[in-house]
>>> print(open('upload-v4.txt').read())   # compact mmCIF, C-alpha atoms and all ligand atoms
# COMPACT_ATOMS: atom_id res chain seq x y z
CA VAL D 1 153.24 68.54 -150.47
CA LYS D 2 155.82 67.77 -153.12
CA ALA D 3 154.70 67.53 -156.72
CA ALA D 4 156.12 66.92 -160.17
CA VAL D 5 155.06 68.51 -163.44
CA PHE D 6 155.13 66.31 -166.55
CA ALA D 7 155.46 68.19 -169.85
CA SER D 8 156.57 67.44 -173.41
CA GLY D 9 156.65 70.84 -175.09
CA THR D 10 156.81 74.56 -174.55
CA GLY D 11 155.97 74.56 -170.88
CA SER D 12 153.93 77.74 -170.64
CA ASN D 13 151.66 76.04 -168.11
CA PHE D 14 154.68 74.76 -166.19
CA GLN D 15 155.96 78.33 -166.09
CA ALA D 16 152.61 79.69 -164.95
CA ILE D 17 152.51 77.15 -162.11
CA MET D 18 156.07 78.03 -161.09
CA LYS D 19 155.31 81.75 -161.05
CA THR D 20 152.28 81.38 -158.82
CA GLU D 21 152.78 82.94 -155.41
CA ASN D 22 151.52 80.90 -152.49
CA LEU D 23 151.19 77.69 -154.47
CA SER D 24 149.98 75.02 -152.05
CA CYS D 25 152.69 72.57 -153.06
CA GLU D 26 156.33 72.56 -153.92
CA ILE D 27 157.23 71.63 -157.50
CA VAL D 28 160.37 69.58 -156.97
CA LEU D 29 160.76 67.97 -160.38
CA LEU D 30 160.02 68.39 -164.05
CA VAL D 31 159.60 65.15 -165.99
CA CYS D 32 159.95 65.42 -169.76
CA ASP D 33 159.72 62.68 -172.38
CA LYS D 34 161.11 64.84 -175.23
CA PRO D 35 164.82 65.54 -175.05
CA GLY D 36 165.30 69.06 -176.40
CA ALA D 37 161.82 70.36 -175.53
CA SER D 38 161.89 73.99 -174.50
CA VAL D 39 160.25 73.27 -171.15
CA ILE D 40 163.60 71.78 -170.05
CA GLU D 41 165.37 75.13 -170.45
CA LYS D 42 162.60 76.81 -168.49
CA ALA D 43 163.12 74.37 -165.62
CA ASP D 44 166.89 74.85 -165.75
CA ARG D 45 166.47 78.61 -165.56
CA LEU D 46 164.19 78.24 -162.57
CA GLY D 47 166.56 75.81 -160.89
CA ILE D 48 164.05 72.96 -160.92
CA PRO D 49 165.58 69.48 -161.24
CA THR D 50 164.58 67.64 -164.39
CA PHE D 51 164.25 64.03 -165.39
CA VAL D 52 164.38 63.82 -169.17
CA PHE D 53 163.96 60.47 -170.85
CA ASN D 54 163.39 59.05 -174.30
CA PRO D 55 160.63 56.42 -174.19
CA LYS D 56 162.17 54.74 -177.26
CA GLU D 57 165.13 53.74 -175.14
CA TYR D 58 162.89 51.57 -172.98
CA ASP D 59 161.29 48.31 -174.08
CA THR D 60 157.81 49.09 -172.81
CA LYS D 61 155.78 51.75 -171.03
CA GLN D 62 155.85 49.56 -167.95
CA VAL D 63 159.65 49.67 -167.93
CA TYR D 64 159.97 53.45 -168.20
CA GLU D 65 157.13 54.05 -165.77
CA THR D 66 158.85 51.79 -163.24
CA LYS D 67 161.92 53.98 -163.67
CA LEU D 68 159.74 57.08 -163.22
CA LEU D 69 158.34 55.63 -159.98
CA GLU D 70 161.89 55.36 -158.66
CA VAL D 71 162.75 58.92 -159.64
CA LEU D 72 159.51 60.27 -158.19
CA ALA D 73 160.01 58.39 -154.92
CA GLU D 74 163.55 59.72 -154.58
CA ALA D 75 162.22 63.25 -154.97
CA GLY D 76 159.41 62.60 -152.45
CA VAL D 77 156.73 63.38 -155.02
CA THR D 78 153.12 62.59 -154.04
CA TRP D 79 151.20 64.52 -156.73
CA ILE D 80 151.67 64.75 -160.49
CA PHE D 81 150.44 67.61 -162.68
CA LEU D 82 150.43 66.94 -166.40
CA ALA D 83 150.93 70.09 -168.47
CA GLY D 84 151.16 69.19 -172.12
CA TYR D 85 152.47 65.68 -171.48
CA MET D 86 151.74 64.06 -174.83
CA ARG D 87 151.57 60.48 -173.67
CA LEU D 88 149.00 58.23 -172.06
CA VAL D 89 149.84 57.32 -168.48
CA GLY D 90 149.87 53.56 -167.97
CA PRO D 91 148.71 51.31 -165.14
CA THR D 92 152.12 51.31 -163.46
CA LEU D 93 151.99 55.03 -162.65
CA LEU D 94 148.22 55.17 -162.28
CA GLU D 95 148.11 52.49 -159.61
CA SER D 96 150.84 54.13 -157.53
CA PHE D 97 149.35 57.62 -157.85
CA LYS D 98 145.63 56.87 -157.46
CA GLU D 99 143.66 60.10 -157.87
CA LYS D 100 146.89 62.02 -157.58
CA ILE D 101 147.45 62.75 -161.28
CA VAL D 102 145.78 65.82 -162.77
CA ASN D 103 145.74 67.09 -166.35
CA ILE D 104 144.79 70.29 -168.16
CA HIS D 105 143.16 70.15 -171.57
CA PRO D 106 142.24 73.03 -173.89
CA SER D 107 138.58 72.18 -174.57
CA LEU D 108 135.38 71.61 -172.66
CA LEU D 109 135.71 67.85 -172.26
CA PRO D 110 134.23 65.47 -173.22
CA VAL D 111 134.23 67.37 -176.52
CA PHE D 112 137.44 67.62 -178.52
CA PRO D 113 139.67 65.19 -176.62
CA GLY D 114 143.11 64.27 -177.91
CA LYS D 115 145.54 66.23 -180.00
CA ASP D 116 144.96 69.75 -181.33
CA ALA D 117 141.80 70.40 -179.34
CA ILE D 118 141.94 74.11 -180.18
CA GLY D 119 142.23 73.40 -183.92
CA GLN D 120 139.39 70.88 -183.65
CA ALA D 121 137.13 73.46 -181.98
CA PHE D 122 138.09 76.15 -184.46
CA GLN D 123 137.41 73.90 -187.47
CA ALA D 124 134.10 72.79 -185.99
CA GLY D 125 133.00 76.41 -185.77
CA VAL D 126 131.72 76.20 -182.19
CA ARG D 127 130.88 79.47 -180.46
CA THR D 128 132.15 78.36 -177.10
CA THR D 129 135.08 76.23 -176.12
CA GLY D 130 137.25 76.37 -173.03
CA VAL D 131 139.56 74.63 -170.62
CA THR D 132 139.17 71.53 -168.46
CA VAL D 133 141.19 70.38 -165.47
CA HIS D 134 140.59 66.73 -164.64
CA TYR D 135 141.94 63.69 -162.87
CA ILE D 136 143.32 61.20 -165.32
CA ASP D 137 142.46 57.59 -165.88
CA GLU D 138 143.70 55.13 -168.49
CA GLY D 139 141.77 56.84 -171.31
CA MET D 140 142.62 59.81 -173.49
CA ASP D 141 141.36 62.92 -171.65
CA THR D 142 138.57 60.94 -169.99
CA GLY D 143 139.00 61.12 -166.20
CA PRO D 144 136.71 62.86 -163.67
CA ILE D 145 136.40 66.60 -164.27
CA ILE D 146 137.49 68.97 -161.49
CA ALA D 147 136.94 72.36 -163.10
CA GLN D 148 136.01 73.90 -166.42
CA GLU D 149 136.02 77.44 -167.73
CA GLU D 150 134.40 78.60 -170.93
CA VAL D 151 136.12 80.66 -173.59
CA GLU D 152 133.99 82.33 -176.23
CA VAL D 153 135.05 81.99 -179.87
CA LEU D 154 134.79 85.48 -181.36
CA PRO D 155 133.78 86.07 -184.99
CA GLU D 156 137.11 87.76 -185.68
CA ASP D 157 139.15 84.99 -184.04
CA THR D 158 141.91 83.17 -185.87
CA GLU D 159 143.09 79.88 -184.48
CA GLN D 160 146.06 81.79 -183.07
CA THR D 161 144.05 84.45 -181.21
CA LEU D 162 141.73 81.77 -179.86
CA LYS D 163 144.73 79.81 -178.65
CA GLU D 164 146.13 82.87 -176.91
CA ARG D 165 142.90 83.47 -174.99
CA ILE D 166 142.61 79.80 -174.07
CA GLN D 167 146.16 79.81 -172.76
CA GLU D 168 145.51 82.88 -170.63
CA VAL D 169 142.69 80.96 -169.00
CA GLU D 170 144.86 77.85 -168.59
CA HIS D 171 147.63 79.80 -166.90
CA ARG D 172 145.19 81.24 -164.36
CA LEU D 173 142.94 78.18 -163.90
CA TYR D 174 145.54 75.44 -163.40
CA PRO D 175 147.37 76.99 -160.40
CA ALA D 176 144.01 77.95 -158.86
CA VAL D 177 142.70 74.40 -159.16
CA ILE D 178 145.94 72.97 -157.78
CA ASN D 179 145.53 75.18 -154.73
CA THR D 180 141.89 74.22 -154.29
CA ILE D 181 142.42 70.47 -154.44
CA LEU D 182 145.45 70.51 -152.15
CA ARG D 183 143.83 72.68 -149.46
C1 LIG K 1 148.12 73.13 -173.16
O1 LIG K 1 147.20 73.71 -174.04
C2 LIG K 1 147.48 72.03 -172.37
O2 LIG K 1 146.13 72.26 -172.12
C3 LIG K 1 147.63 70.84 -173.29
O3 LIG K 1 148.90 71.01 -173.85
C4 LIG K 1 149.21 72.40 -173.93
C5 LIG K 1 150.56 72.60 -173.32
O4 LIG K 1 151.04 73.90 -173.54
N1 LIG K 1 147.45 69.61 -172.56
P1 LIG K 1 152.33 74.41 -172.77
O5 LIG K 1 153.47 73.46 -173.09
O6 LIG K 1 152.03 74.45 -171.31
O7 LIG K 1 152.60 75.77 -173.32
>>> encode(input="upload-v4.txt", output="structure tokens", more="lines below")
Ligand code: GRF
Amino acid sequence: VKAAVFASGTGSNFQAIMKTENLSCEIVLLVCDKPGASVIEKADRLGIPTFVFNPKEYDTKQVYETKLLEVLAEAGVTWIFLAGYMRLVGPTLLESFKEKIVNIHPSLLPVFPGKDAIGQAFQAGVRTTGVTVHYIDEGMDTGPIIAQEEVEVLPEDTEQTLKERIQEVEHRLYPAVINTILR
């Protein structure tokens, strides 16, 4: 199975996926919508081909997603794993990759969807938050949930220490879920 990772930022989840031994698919492409994002360097270092684009250079989402479909087809990609891709996927991609696009989100969805889920949880003062892996649909962090893992918020936590523990869970959970759904 050939898959692509879509990411917009740091790429720590991308890196965790790449470092997983016995991953049940081959990551053949990194797609990034933010020229200059540090995930691009990570892919270069790992020798993974990248497709970097600036959405502003396309008239509409439909136009750039049609381009993405071409690029993905050329690479033989059949699954897409979103890892910090900060953009809603539109109908063009969704229809061609039905139930083949998965996302990771740093909260126990449906609570704290959208941006800065860790900050939202921290500000809300919840005792438990966590990580969700889910199929995507046209909404913001709303598709069917595949797996969740709780992370306790400790009294001494700062937003930073909470984030670190959530990311540890993400880096373990995402590759494990990828293997489960592809096997
Ligand atoms: C992760 O927390 C992920 O759950 C969210 O975006 C963040 C990406 O982090 N969707 P990184 O770029 O993988 O370090």
>>> atom_distance(input="upload-v4.txt", atom1="atom O5 of ligand LIG 1 (chain K)", atom2="atom CA of D:Ser38")
8.6 Å
>>> closest_residue(input="upload-v4.txt", among="D:Lys2, D:Arg172, D:Arg183, D:Lys115", to="D:Tyr85", atoms="all atoms listed in the file")
D:Lys115
>>> residues_around(input="upload-v4.txt", residues="stretch 13-16 of chain D", least_positions_apart="5", cutoff="8 Å", atoms="all atoms listed in the file", output="ChimeraX atom specification")
/D:5,7,39,42,83-84,170-172,174-175
>>> residues_around(input="upload-v4.txt", residues="D:Trp79", least_positions_apart="5", cutoff="9 Å", atoms="all atoms listed in the file", output="PDB file with C-alpha atoms, in the coordinates of the input")
ATOM      1  CA  VAL D   1     153.240  68.540-150.470  1.00  0.00           C
ATOM      2  CA  LYS D   2     155.820  67.770-153.120  1.00  0.00           C
ATOM      3  CA  ALA D   3     154.700  67.530-156.720  1.00  0.00           C
ATOM      4  CA  ALA D   4     156.120  66.920-160.170  1.00  0.00           C
ATOM      5  CA  VAL D   5     155.060  68.510-163.440  1.00  0.00           C
ATOM      6  CA  CYS D  25     152.690  72.570-153.060  1.00  0.00           C
ATOM      7  CA  PHE D  97     149.350  57.620-157.850  1.00  0.00           C
ATOM      8  CA  GLU D  99     143.660  60.100-157.870  1.00  0.00           C
ATOM      9  CA  LYS D 100     146.890  62.020-157.580  1.00  0.00           C
ATOM     10  CA  ILE D 101     147.450  62.750-161.280  1.00  0.00           C
ATOM     11  CA  VAL D 102     145.780  65.820-162.770  1.00  0.00           C
TER      12      VAL D 102
END
>>> atom_distance(input="upload-v4.txt", atom1="atom CA of D:Ser12", atom2="atom C5 of ligand LIG 1 (chain K)")
6.7 Å
>>> atom_distance(input="upload-v4.txt", atom1="atom CA of D:Thr92", atom2="atom CA of D:Ala176")
28.2 Å
>>> closest_residue(input="upload-v4.txt", among="D:Gly9, D:Gly125, D:Gly47, D:Gly90", to="D:Asp137", atoms="all atoms listed in the file")
D:Gly90
>>> closest_residue(input="upload-v4.txt", among="D:Val131, D:Val169, D:Ala121, D:Met140", to="D:Asp157", atoms="only C-alpha atoms")
D:Ala121
>>> closest_residue(input="upload-v4.txt", among="D:Val111, D:Ala117, D:Ala43, D:Leu182", to="D:Ile80", atoms="all atoms listed in the file")
D:Leu182
>>> closest_residue(input="upload-v4.txt", among="D:Glu70, D:Asp33, D:Glu159, D:Glu65", to="D:Asp116", atoms="only C-alpha atoms")
D:Glu159
>>> axis_aligned_box(input="upload-v4.txt", around="ligand LIG 1 (chain K)", padding_each_side="8 Å", output="lines of an AutoDock Vina configuration file")
center_x = 149.8
center_y = 72.7
center_z = -172.7
size_x = 23.3
size_y = 22.2
size_z = 18.7
>>> closest_residue(input="upload-v4.txt", among="D:Gly119, D:Gly130, D:Gly76, D:Gly11", to="ligand LIG 1 (chain K)", atoms="only C-alpha atoms and all ligand atoms")
D:Gly11
>>> residues_around(input="upload-v4.txt", residues="D:Val52", least_positions_apart="5", cutoff="8 Å", atoms="only C-alpha atoms", output="ChimeraX atom specification")
/D:31-35
>>> residues_near_point(input="upload-v4.txt", point="(139.5, 65.9, -174.4)", cutoff="10 Å", atoms="only C-alpha atoms", output="list in words")
Ile104, His105, Pro106, Ser107, Leu108, Leu109, Pro110, Val111, Phe112, Pro113, Gly114, Lys115, Asp116, Ala117, Val131, Thr132, His134, Gly139, Met140, Asp141, Thr142 and Gly143 of chain D
>>> write_last_selection(input="upload-v4.txt", atoms="C-alpha atoms", output="mmCIF file, keeping the file's coordinate frame")
data_model
loop_
_atom_site.group_PDB
_atom_site.id
_atom_site.type_symbol
_atom_site.label_atom_id
_atom_site.label_comp_id
_atom_site.auth_asym_id
_atom_site.auth_seq_id
_atom_site.Cartn_x
_atom_site.Cartn_y
_atom_site.Cartn_z
ATOM 1 C CA ILE D 104 144.790 70.290 -168.160
ATOM 2 C CA HIS D 105 143.160 70.150 -171.570
ATOM 3 C CA PRO D 106 142.240 73.030 -173.890
ATOM 4 C CA SER D 107 138.580 72.180 -174.570
ATOM 5 C CA LEU D 108 135.380 71.610 -172.660
ATOM 6 C CA LEU D 109 135.710 67.850 -172.260
ATOM 7 C CA PRO D 110 134.230 65.470 -173.220
ATOM 8 C CA VAL D 111 134.230 67.370 -176.520
ATOM 9 C CA PHE D 112 137.440 67.620 -178.520
ATOM 10 C CA PRO D 113 139.670 65.190 -176.620
ATOM 11 C CA GLY D 114 143.110 64.270 -177.910
ATOM 12 C CA LYS D 115 145.540 66.230 -180.000
ATOM 13 C CA ASP D 116 144.960 69.750 -181.330
ATOM 14 C CA ALA D 117 141.800 70.400 -179.340
ATOM 15 C CA VAL D 131 139.560 74.630 -170.620
ATOM 16 C CA THR D 132 139.170 71.530 -168.460
ATOM 17 C CA HIS D 134 140.590 66.730 -164.640
ATOM 18 C CA GLY D 139 141.770 56.840 -171.310
ATOM 19 C CA MET D 140 142.620 59.810 -173.490
ATOM 20 C CA ASP D 141 141.360 62.920 -171.650
ATOM 21 C CA THR D 142 138.570 60.940 -169.990
ATOM 22 C CA GLY D 143 139.000 61.120 -166.200
#
>>> residues_around(input="upload-v4.txt", residues="D:Leu162", least_positions_apart="6", cutoff="9 Å", atoms="only C-alpha atoms", output="VMD selection string")
chain D and resid 118 122 151 to 154
